[in-house]
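Data file: work-v5.txt. Format and content: compact mmCIF, C-alpha atoms.
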# COMPACT_ATOMS: atom_id res chain seq x y z
CA MET E 1 0.00 0.00 0.00
CA PRO E 2 1.49 3.38 -0.93
CA THR E 3 1.76 6.51 1.14
CA HIS E 4 -0.63 9.33 0.39
CA ILE E 5 0.35 11.58 -2.52
CA PRO E 6 -0.80 15.14 -1.80
CA PRO E 7 -2.33 17.27 -4.57
CA PRO E 8 0.17 19.15 -6.75
CA ALA E 9 0.99 22.81 -6.12
CA PRO E 10 -0.76 25.38 -8.34
CA ASP E 11 -0.91 25.70 -11.32
CA VAL E 12 -1.25 22.39 -13.15
CA PRO E 13 -1.54 22.47 -16.97
CA GLY E 14 -5.15 23.06 -18.00
CA SER E 15 -6.14 24.86 -14.82
CA PRO E 16 -8.53 27.75 -15.51
CA TRP E 17 -6.96 29.64 -12.55
CA ARG E 18 -3.68 31.57 -12.50
CA THR E 19 -1.71 31.76 -9.27
CA THR E 20 0.33 34.94 -8.81
CA GLY E 21 1.47 34.78 -5.20
CA VAL E 22 1.52 32.69 -2.03
CA ARG E 23 1.91 33.29 1.70
CA ALA E 24 1.64 31.21 4.87
CA GLY E 25 -1.71 31.82 6.59
CA TYR E 26 -1.62 29.71 9.78
CA ARG E 27 0.27 26.70 11.01
CA ASN E 28 0.09 24.25 13.87
CA PRO E 29 1.15 20.57 13.88
CA TRP E 30 -2.27 19.45 12.61
CA LEU E 31 -3.45 22.28 10.36
CA ARG E 32 -1.69 24.49 7.85
CA VAL E 33 -3.41 27.25 5.88
CA THR E 34 -1.78 28.58 2.70
CA GLU E 35 -3.18 31.69 1.05
CA TYR E 36 -2.74 32.00 -2.70
CA GLN E 37 -3.19 35.17 -4.72
CA VAL E 38 -5.10 34.17 -7.83
CA THR E 39 -6.66 35.28 -11.07
CA ARG E 40 -10.01 33.52 -11.20
CA PRO E 41 -11.38 31.71 -14.27
CA ASP E 42 -13.32 34.85 -15.26
CA GLY E 43 -10.18 37.00 -15.07
CA THR E 44 -10.95 38.79 -11.79
CA PRO E 45 -8.34 38.91 -9.00
CA GLY E 46 -8.84 37.22 -5.64
CA SER E 47 -7.31 35.08 -2.94
CA TYR E 48 -7.79 31.39 -2.13
CA GLY E 49 -7.08 29.93 1.31
CA VAL E 50 -6.29 26.22 1.19
CA ALA E 51 -6.28 24.22 4.44
CA ASP E 52 -3.98 21.21 4.71
CA LEU E 53 -5.42 18.96 7.43
CA GLY E 54 -3.17 16.00 6.63
CA THR E 55 -4.45 12.59 5.59
CA ASN E 56 -7.13 10.56 7.37
CA VAL E 57 -7.24 6.76 7.63
CA THR E 58 -10.36 5.02 8.98
CA THR E 59 -11.14 1.33 9.44
CA ALA E 60 -14.29 -0.76 9.54
CA ALA E 61 -12.96 -3.75 11.51
CA LEU E 62 -15.25 -6.79 11.34
CA ASP E 63 -15.20 -9.76 13.68
CA ASP E 64 -16.19 -13.35 12.82
CA GLN E 65 -19.83 -12.59 13.63
CA GLY E 66 -20.03 -9.65 11.18
CA ARG E 67 -19.91 -7.03 13.91
CA VAL E 68 -17.98 -3.79 13.40
CA LEU E 69 -15.91 -2.01 16.04
CA LEU E 70 -17.28 1.45 16.91
CA ILE E 71 -15.58 4.01 19.10
CA ARG E 72 -17.01 6.90 21.06
CA ASP E 73 -14.96 9.94 21.99
CA PHE E 74 -15.38 13.61 22.85
CA VAL E 75 -14.87 15.69 19.70
CA TYR E 76 -13.50 19.06 20.73
CA PRO E 77 -14.49 21.08 17.60
CA LEU E 78 -18.09 19.83 17.92
CA GLN E 79 -18.10 19.96 21.74
CA ALA E 80 -19.95 16.66 21.74
CA TRP E 81 -19.50 12.93 22.36
CA CYS E 82 -19.64 11.17 18.99
CA TRP E 83 -19.63 7.63 17.66
CA SER E 84 -17.22 6.90 14.83
CA LEU E 85 -14.70 4.26 13.72
CA PRO E 86 -11.07 3.79 14.74
CA GLY E 87 -8.95 6.12 12.67
CA GLY E 88 -6.84 9.20 12.62
CA ARG E 89 -4.00 10.83 10.84
CA ALA E 90 -1.38 9.17 8.66
CA GLU E 91 1.97 10.74 9.40
CA PRO E 92 3.77 12.27 6.40
CA GLY E 93 5.41 9.43 4.50
CA GLU E 94 3.63 6.75 6.53
CA ASP E 95 2.09 3.89 4.57
CA VAL E 96 -1.67 4.49 4.80
CA GLN E 97 -2.53 0.87 5.65
CA ALA E 98 0.16 0.83 8.35
CA ALA E 99 -1.32 4.07 9.71
CA ALA E 100 -4.81 2.53 9.74
CA ALA E 101 -3.49 -0.55 11.55
CA ARG E 102 -1.68 1.65 14.08
CA GLU E 103 -4.85 3.68 14.80
CA LEU E 104 -6.97 0.52 15.03
CA ALA E 105 -4.62 -0.86 17.66
CA GLU E 106 -4.16 2.41 19.57
CA GLU E 107 -7.82 3.44 19.68
CA GLY E 108 -9.61 0.13 19.35
CA GLY E 109 -7.25 -2.39 20.92
CA VAL E 110 -7.57 -4.57 17.82
CA ALA E 111 -5.16 -6.02 15.23
CA ALA E 112 -6.27 -7.55 11.93
CA ASP E 113 -4.75 -9.99 9.42
CA ASP E 114 -6.83 -9.17 6.33
CA TRP E 115 -6.84 -5.60 5.02
CA GLN E 116 -8.60 -4.10 2.00
CA LEU E 117 -8.66 -0.48 0.85
CA VAL E 118 -12.35 0.03 -0.01
CA GLY E 119 -12.42 3.74 -0.87
CA THR E 120 -10.54 7.02 -1.07
CA PHE E 121 -12.49 10.24 -0.72
CA TRP E 122 -11.80 13.98 -0.48
CA LEU E 123 -13.54 15.30 2.63
CA SER E 124 -14.02 18.98 1.81
CA PRO E 125 -12.16 19.62 -1.43
CA GLY E 126 -13.45 23.17 -1.98
CA ILE E 127 -11.18 24.34 0.85
CA THR E 128 -9.05 21.45 2.12
CA THR E 129 -6.71 18.87 0.62
CA GLU E 130 -7.68 16.22 3.16
CA ALA E 131 -8.30 12.69 1.88
CA THR E 132 -9.75 9.81 3.87
CA TYR E 133 -8.61 6.27 3.11
CA SER E 134 -11.37 3.81 4.05
CA PHE E 135 -10.32 0.30 5.03
CA LEU E 136 -12.11 -2.97 5.67
CA ALA E 137 -10.20 -5.16 8.13
CA ARG E 138 -10.98 -8.78 9.01
CA GLY E 139 -9.31 -11.55 10.93
CA VAL E 140 -9.28 -9.49 14.11
CA ARG E 141 -7.76 -10.17 17.52
CA ALA E 142 -7.38 -8.14 20.71
CA VAL E 143 -4.17 -6.22 21.40
CA PRO E 144 -3.42 -3.64 24.13
CA ALA E 145 -4.98 -0.25 23.35
CA SER E 146 -2.87 2.89 23.84
CA PRO E 147 -4.99 6.00 23.31
CA GLU E 148 -3.34 9.40 22.97
CA PRO E 149 -3.50 12.00 25.76
CA THR E 150 -6.28 13.74 23.81
CA GLU E 151 -8.48 10.64 23.67
CA THR E 152 -11.17 9.42 26.08
CA ILE E 153 -12.44 6.45 24.14
CA THR E 154 -15.00 3.76 24.75
CA THR E 155 -15.57 0.95 22.24
CA ALA E 156 -18.49 -1.26 21.22
CA TRP E 157 -19.14 -3.99 18.65
CA ALA E 158 -22.32 -3.65 16.56
CA PRO E 159 -23.75 -5.61 13.62
CA LEU E 160 -22.66 -3.91 10.38
CA ALA E 161 -26.27 -3.45 9.20
CA GLU E 162 -27.11 -1.75 12.50
CA ALA E 163 -24.09 0.56 12.20
CA VAL E 164 -25.11 1.51 8.65
CA ALA E 165 -28.67 2.22 9.83
CA ARG E 166 -27.21 4.51 12.51
CA CYS E 167 -25.38 6.47 9.77
CA PHE E 168 -28.67 7.27 8.05
CA GLY E 169 -30.49 7.72 11.36
CA GLY E 170 -28.23 10.54 12.51
CA ASP E 171 -26.44 8.70 15.31
CA ILE E 172 -23.15 8.23 13.38
CA ARG E 173 -22.36 11.45 11.51
CA ASP E 174 -18.58 11.54 11.15
CA ALA E 175 -18.06 11.36 7.38
CA THR E 176 -14.87 9.32 7.73
CA ALA E 177 -16.84 6.63 9.61
CA VAL E 178 -19.91 6.78 7.37
CA LEU E 179 -17.83 6.46 4.20
CA ALA E 180 -15.82 3.51 5.57
CA LEU E 181 -18.96 1.70 6.77
CA LEU E 182 -20.77 2.17 3.45
CA ALA E 183 -17.72 1.27 1.35
CA ALA E 184 -17.14 -1.83 3.50
CA ARG E 185 -20.78 -2.91 3.10
CA GLU E 186 -20.53 -2.37 -0.67
CA ARG E 187 -17.38 -4.48 -0.89
CA LEU E 188 -18.87 -7.29 1.18
CA ALA E 189 -22.00 -7.34 -1.01
CA ARG E 190 -20.04 -8.03 -4.20
CA MET C 1 -36.23 23.55 7.18
CA PRO C 2 -34.07 25.27 9.81
CA THR C 3 -30.81 27.10 9.37
CA HIS C 4 -27.65 25.33 10.48
CA ILE C 5 -26.88 25.53 14.19
CA PRO C 6 -23.10 25.65 14.70
CA PRO C 7 -21.48 23.66 17.52
CA PRO C 8 -21.37 25.43 20.91
CA ALA C 9 -18.26 27.26 22.07
CA PRO C 10 -16.00 25.41 24.53
CA ASP C 11 -16.54 24.13 27.19
CA VAL C 12 -19.84 22.30 27.33
CA PRO C 13 -20.76 20.52 30.58
CA GLY C 14 -19.25 17.05 30.66
CA SER C 15 -16.35 17.90 28.35
CA PRO C 16 -13.12 16.19 29.45
CA TRP C 17 -11.18 19.22 28.10
CA ARG C 18 -10.66 22.58 29.80
CA THR C 19 -10.27 25.69 27.67
CA THR C 20 -8.10 28.41 29.16
CA GLY C 21 -7.62 30.87 26.31
CA VAL C 22 -8.56 31.71 22.74
CA ARG C 23 -7.09 33.71 19.86
CA ALA C 24 -7.89 34.28 16.19
CA GLY C 25 -5.61 32.17 13.98
CA TYR C 26 -6.57 33.05 10.39
CA ARG C 27 -9.57 34.51 8.65
CA ASN C 28 -10.85 34.97 5.11
CA PRO C 29 -14.48 35.03 3.91
CA TRP C 30 -14.57 31.22 3.56
CA LEU C 31 -12.29 29.94 6.31
CA ARG C 32 -11.71 30.99 9.90
CA VAL C 33 -9.23 29.31 12.24
CA THR C 34 -9.58 29.76 15.99
CA GLU C 35 -6.80 28.60 18.28
CA TYR C 36 -7.78 27.51 21.78
CA GLN C 37 -5.41 27.05 24.69
CA VAL C 38 -6.47 23.85 26.41
CA THR C 39 -5.88 21.42 29.20
CA ARG C 40 -6.24 17.98 27.63
CA PRO C 41 -8.22 15.11 29.14
CA ASP C 42 -5.02 13.73 30.73
CA GLY C 43 -4.21 17.10 32.36
CA THR C 44 -1.40 18.16 30.02
CA PRO C 45 -1.44 21.63 28.40
CA GLY C 46 -1.78 22.17 24.67
CA SER C 47 -3.44 24.12 21.91
CA TYR C 48 -6.29 23.16 19.56
CA GLY C 49 -6.84 24.85 16.20
CA VAL C 50 -10.44 24.62 15.02
CA ALA C 51 -11.26 25.48 11.39
CA ASP C 52 -14.69 26.92 10.60
CA LEU C 53 -15.35 26.23 6.91
CA GLY C 54 -19.02 27.19 7.07
CA THR C 55 -21.86 24.82 6.18
CA ASN C 56 -22.13 22.72 3.04
CA VAL C 57 -25.37 21.82 1.24
CA THR C 58 -25.37 19.23 -1.55
CA THR C 59 -28.19 17.86 -3.68
CA ALA C 60 -28.85 14.63 -5.54
CA ALA C 61 -31.41 15.90 -8.08
CA LEU C 62 -33.29 13.09 -9.84
CA ASP C 63 -35.25 13.39 -13.06
CA ASP C 64 -38.30 11.31 -14.05
CA GLN C 65 -36.04 8.62 -15.51
CA GLY C 66 -34.11 8.13 -12.27
CA ARG C 67 -31.04 9.97 -13.52
CA VAL C 68 -29.04 12.22 -11.20
CA LEU C 69 -27.47 15.54 -12.15
CA LEU C 70 -23.66 15.51 -11.90
CA ILE C 71 -21.38 18.50 -12.25
CA ARG C 72 -17.72 18.71 -13.17
CA ASP C 73 -15.54 21.62 -12.14
CA PHE C 74 -11.90 22.46 -11.53
CA VAL C 75 -11.17 22.12 -7.80
CA TYR C 76 -8.39 24.54 -6.91
CA PRO C 77 -7.16 22.86 -3.66
CA LEU C 78 -6.86 19.52 -5.50
CA GLN C 79 -5.62 21.11 -8.75
CA ALA C 80 -7.85 18.71 -10.64
CA TRP C 81 -11.12 18.48 -12.56
CA CYS C 82 -13.60 16.56 -10.40
CA TRP C 83 -17.11 15.19 -10.71
CA SER C 84 -19.47 15.99 -7.85
CA LEU C 85 -23.04 17.14 -7.24
CA PRO C 86 -24.50 20.66 -7.26
CA GLY C 87 -23.85 22.23 -3.89
CA GLY C 88 -21.92 24.81 -1.98
CA ARG C 89 -22.04 26.96 1.06
CA ALA C 90 -25.11 27.99 3.03
CA GLU C 91 -24.75 31.63 4.01
CA PRO C 92 -24.92 32.32 7.76
CA GLY C 93 -28.61 32.35 8.72
CA GLU C 94 -29.71 30.98 5.35
CA ASP C 95 -32.25 28.15 5.42
CA VAL C 96 -30.26 25.06 4.37
CA GLN C 97 -32.89 23.81 1.91
CA ALA C 98 -33.13 27.26 0.34
CA ALA C 99 -29.34 27.27 0.05
CA ALA C 100 -29.40 23.84 -1.62
CA ALA C 101 -32.07 25.02 -4.07
CA ARG C 102 -30.05 28.16 -4.82
CA GLU C 103 -26.90 26.14 -5.53
CA LEU C 104 -28.82 23.61 -7.64
CA ALA C 105 -30.15 26.44 -9.79
CA GLU C 106 -26.88 28.39 -9.98
CA GLU C 107 -24.58 25.46 -10.72
CA GLY C 108 -26.92 22.96 -12.31
CA GLY C 109 -29.56 25.09 -14.02
CA VAL C 110 -32.26 23.03 -12.31
CA ALA C 111 -35.19 23.76 -9.97
CA ALA C 112 -37.10 21.07 -8.05
CA ASP C 113 -40.55 20.82 -6.44
CA ASP C 114 -39.98 17.93 -4.02
CA TRP C 115 -37.19 18.22 -1.43
CA GLN C 116 -36.11 15.80 1.28
CA LEU C 117 -33.22 16.11 3.73
CA VAL C 118 -31.66 12.63 3.61
CA GLY C 119 -28.62 13.09 5.85
CA THR C 120 -26.47 15.44 7.90
CA PHE C 121 -22.80 14.61 8.36
CA TRP C 122 -19.67 16.19 9.87
CA LEU C 123 -16.97 16.25 7.19
CA SER C 124 -13.79 16.34 9.28
CA PRO C 125 -14.85 16.82 12.88
CA GLY C 126 -11.42 16.30 14.44
CA ILE C 127 -10.39 19.72 13.12
CA THR C 128 -13.35 21.45 11.45
CA THR C 129 -16.94 22.29 12.40
CA GLU C 130 -18.17 21.85 8.83
CA ALA C 131 -21.42 19.95 8.33
CA THR C 132 -22.86 18.80 5.00
CA TYR C 133 -26.63 18.67 4.55
CA SER C 134 -27.50 16.04 1.93
CA PHE C 135 -30.70 16.54 -0.05
CA LEU C 136 -32.73 14.44 -2.46
CA ALA C 137 -34.66 16.64 -4.94
CA ARG C 138 -37.29 15.44 -7.39
CA GLY C 139 -39.79 17.06 -9.70
CA VAL C 140 -37.07 18.86 -11.60
CA ARG C 141 -37.25 21.43 -14.40
CA ALA C 142 -34.65 23.53 -16.22
CA VAL C 143 -33.95 27.11 -15.11
CA PRO C 144 -31.14 29.47 -16.19
CA ALA C 145 -27.81 28.60 -14.58
CA SER C 146 -25.68 31.40 -13.12
CA PRO C 147 -22.31 30.04 -12.00
CA GLU C 148 -20.02 32.15 -9.83
CA PRO C 149 -16.85 33.74 -11.23
CA THR C 150 -14.86 30.90 -9.65
CA GLU C 151 -16.81 28.17 -11.41
CA THR C 152 -16.19 26.50 -14.79
CA ILE C 153 -18.91 23.90 -14.70
CA THR C 154 -20.17 21.25 -17.07
CA THR C 155 -23.18 19.06 -16.20
CA ALA C 156 -24.34 15.55 -17.08
CA TRP C 157 -27.26 13.29 -16.14
CA ALA C 158 -26.38 9.72 -15.14
CA PRO C 159 -28.44 6.80 -13.80
CA LEU C 160 -28.29 6.84 -9.99
CA ALA C 161 -26.91 3.28 -9.83
CA GLU C 162 -24.14 4.29 -12.23
CA ALA C 163 -23.30 7.37 -10.15
CA VAL C 164 -23.12 5.23 -6.99
CA ALA C 165 -20.83 2.76 -8.76
CA ARG C 166 -18.58 5.67 -9.73
CA CYS C 167 -18.31 6.63 -6.03
CA PHE C 168 -16.89 3.22 -5.16
CA GLY C 169 -14.87 3.05 -8.37
CA GLY C 170 -12.88 6.17 -7.57
CA ASP C 171 -14.34 8.48 -10.23
CA ILE C 172 -16.54 10.48 -7.78
CA ARG C 173 -14.52 11.18 -4.62
CA ASP C 174 -15.95 14.40 -3.18
CA ALA C 175 -17.39 13.27 0.17
CA THR C 176 -20.28 15.74 -0.04
CA ALA C 177 -21.37 14.15 -3.33
CA VAL C 178 -20.76 10.56 -2.22
CA LEU C 179 -22.73 11.02 0.99
CA ALA C 180 -25.67 12.66 -0.81
CA LEU C 181 -25.77 9.96 -3.50
CA LEU C 182 -25.65 7.12 -0.95
CA ALA C 183 -28.18 8.74 1.37
CA ALA C 184 -30.50 9.40 -1.58
CA ARG C 185 -30.23 5.78 -2.73
CA GLU C 186 -30.94 4.59 0.81
CA ARG C 187 -34.04 6.79 1.07
CA LEU C 188 -35.36 5.66 -2.30
CA ALA C 189 -34.88 1.98 -1.34
CA ARG C 190 -37.14 2.26 1.71

Rewrite the coordinates I just gave you, this time as structure tokens.
Amino acid sequence: MPTHIPPPAPDVPGSPWRTTGVRAGYRNPWLRVTEYQVTRPDGTPGSYGVADLGTNVTTAALDDQGRVLLIRDFVYPLQAWCWSLPGGRAEPGEDVQAAAARELAEEGGVAADDWQLVGTFWLSPGITTEATYSFLARGVRAVPASPEPTETITTAWAPLAEAVARCFGGDIRDATAVLALLAARERLAR
Amino acid sequence: MPTHIPPPAPDVPGSPWRTTGVRAGYRNPWLRVTEYQVTRPDGTPGSYGVADLGTNVTTAALDDQGRVLLIRDFVYPLQAWCWSLPGGRAEPGEDVQAAAARELAEEGGVAADDWQLVGTFWLSPGITTEATYSFLARGVRAVPASPEPTETITTAWAPLAEAVARCFGGDIRDATAVLALLAARERLAR
């Protein structure tokens, strides 16, 4: 499995935009904003702020009974406790499947023998360059969990069909989890 | 249909985080970063940058033959031409369905009589507060399109099943489009 290849810098051949300048907008270890000075497709001048949020990896881990591992954590930007799937950020240069396996172990306390990449999606491509890599993992076994200092996680196993129903019912709303659950279901139905 | 209610400011009751300070990180009309000084759940100090990207609305518009309206545009952050669905940003205080109808008309040249909200998802809730509201629209008719100066759009109608297959095949990767297509299919299957 390769590492994530970020989008190219402006301007690629065939782009209807022209980029005339660039400056750093904001930077912390998890979020970097770059502000480009641009000429828009209609010829008017403007600026375009692009947010680099890194690369997300998320895993639908299924046990022998067809149950998927869900996690619940407090999500600071939403100020709410939310259900999602084990996942997180691939470090720069880190193999995305290795990153998914690392997050599954850290957050979920689970290792898996059988991995499939079931989808790659751009989460908010009008402003960010963030991709999510959605994995289906089977052949699971328990390993020691090691959550980060920012995490206050509980876990639960639920039938995959029930988890999918919770996506459409409003109980699971994290796009990274919803996309991985739906892509996993699609793959299993083939 | 209501307007979008943004997440509350830190700290809500029951949060395992403590917020001790706040400063503006970056701001343009489409992206605002706020940096919070925090005490993490384990008691260590840190900072948390939260990106407000506004609120997305996206529509799967179906014609009488069960075809969905796709759009193709150049996506500056990805530096690539991408297929997605008509959609965009709800203005602050704008009714989300009205915003979806406005974007459908502007980008797609289509109006619709029958609207259903089929899902609400958080796109990247570890860092952003952005929600996407996914709509299914039927009873469509042509109206004049009026794309923004930043848009260079072409449109196409495709059978819904084909569009869904393109989501899992890697040809449609914008999460707002994928979520709306899958939520629309789910609603229609009930």

Using all atoms listed in the file, determine which residues lie at most 10 Å from Tyr76 of chain E, disregarding the query and same-chain residues fewer than 2 positions distant; provide the list as a PDB file with C-alpha atoms, keeping the file's coordinate frame.
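result.pdb written:
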ATOM      1  CA  ASP E  73     -14.960   9.940  21.990  1.00  0.00           C
ATOM      2  CA  PHE E  74     -15.380  13.610  22.850  1.00  0.00           C
ATOM      3  CA  LEU E  78     -18.090  19.830  17.920  1.00  0.00           C
ATOM      4  CA  GLN E  79     -18.100  19.960  21.740  1.00  0.00           C
ATOM      5  CA  ALA E  80     -19.950  16.660  21.740  1.00  0.00           C
ATOM      6  CA  TRP E  81     -19.500  12.930  22.360  1.00  0.00           C
ATOM      7  CA  THR E 150      -6.280  13.740  23.810  1.00  0.00           C
TER       8      THR E 150
ATOM      9  CA  PRO C   7     -21.480  23.660  17.520  1.00  0.00           C
ATOM     10  CA  ALA C   9     -18.260  27.260  22.070  1.00  0.00           C
ATOM     11  CA  PRO C  10     -16.000  25.410  24.530  1.00  0.00           C
ATOM     12  CA  ASP C  11     -16.540  24.130  27.190  1.00  0.00           C
ATOM     13  CA  VAL C  12     -19.840  22.300  27.330  1.00  0.00           C
ATOM     14  CA  SER C  15     -16.350  17.900  28.350  1.00  0.00           C
ATOM     15  CA  PRO C  16     -13.120  16.190  29.450  1.00  0.00           C
ATOM     16  CA  TRP C  17     -11.180  19.220  28.100  1.00  0.00           C
ATOM     17  CA  TYR C  48      -6.290  23.160  19.560  1.00  0.00           C
ATOM     18  CA  GLY C  49      -6.840  24.850  16.200  1.00  0.00           C
ATOM     19  CA  VAL C  50     -10.440  24.620  15.020  1.00  0.00           C
ATOM     20  CA  PRO C 125     -14.850  16.820  12.880  1.00  0.00           C
ATOM     21  CA  GLY C 126     -11.420  16.300  14.440  1.00  0.00           C
ATOM     22  CA  ILE C 127     -10.390  19.720  13.120  1.00  0.00           C
ATOM     23  CA  THR C 128     -13.350  21.450  11.450  1.00  0.00           C
ATOM     24  CA  THR C 129     -16.940  22.290  12.400  1.00  0.00           C
TER      25      THR C 129
END

*Can you list, as a VMD selection string, every protein, DNA or RNA residue that comes within 12 Å of Thr154 of chain C when you count only C-alpha atoms, leaving out same-chain residues fewer than 2 positions away?*
chain C and resid 69 to 74 81 to 86 107 to 109 145 147 151 to 152 156 to 157

*Hey, what's within 12 Å of segment 160-168 of chain E if we count only C-alpha atoms and toss same-chain stuff fewer than 3 positions away? As an MDAnalysis selection string, please?*
(chainID E and resid 60:71 82:85 136 156:157 171:186 188:189) or (chainID C and resid 117:122 134 179:180 182:187 190)

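When only C-alpha atoms are used to measure the gap to chain E, the shortest distance among C:Thr155, C:Gln37, C:Thr58, C:Asn28 belongs to C:Asn28.
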
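Considering the residues C:Ser47, C:Thr3, C:Gly169, C:Glu148 and counting only C-alpha atoms, Val22 of chain C has its shortest atom-to-atom contact with C:Ser47.
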
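Of the residues under consideration (C:Gln116, C:Thr132, C:Ser146, C:Thr19), C:Gln116 shows the shortest atom-to-atom contact distance to Met1 of chain C when counting all atoms listed in the file.
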
*Gln97 of chain E surroundings by all atoms listed in the file, 12 Å radius, close-in-sequence under 2 positions cut, as an MDAnalysis selection string*: chainID E and resid 1:4 55:59 87:91 93:95 99:104 112:118 132:137

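The closest residue to Pro6 of chain E, picked from C:Pro77, C:Gly21, C:Gly54, C:Pro45 and counting all atoms listed in the file, is C:Pro77.
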
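Of note, atom CA of Ala105 of chain C and atom CA of Trp30 of chain C are spaced 21.1 Å apart.
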
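Using all atoms listed in the file for every distance, the candidate list E:Val110, E:Pro144, E:Arg23, E:Val33 yields E:Val33 as the residue closest to chain C.
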
_Counting only C-alpha atoms, which residue out of C:Ile153, C:Ala142, C:Ala111, C:Val96 sits closest to chain E?_
C:Ile153

*Could you work out how far atom CA of Pro92 of chain C lies from atom CA of Thr39 of chain E, giving the answer in Å with one decimal?*
26.4 Å
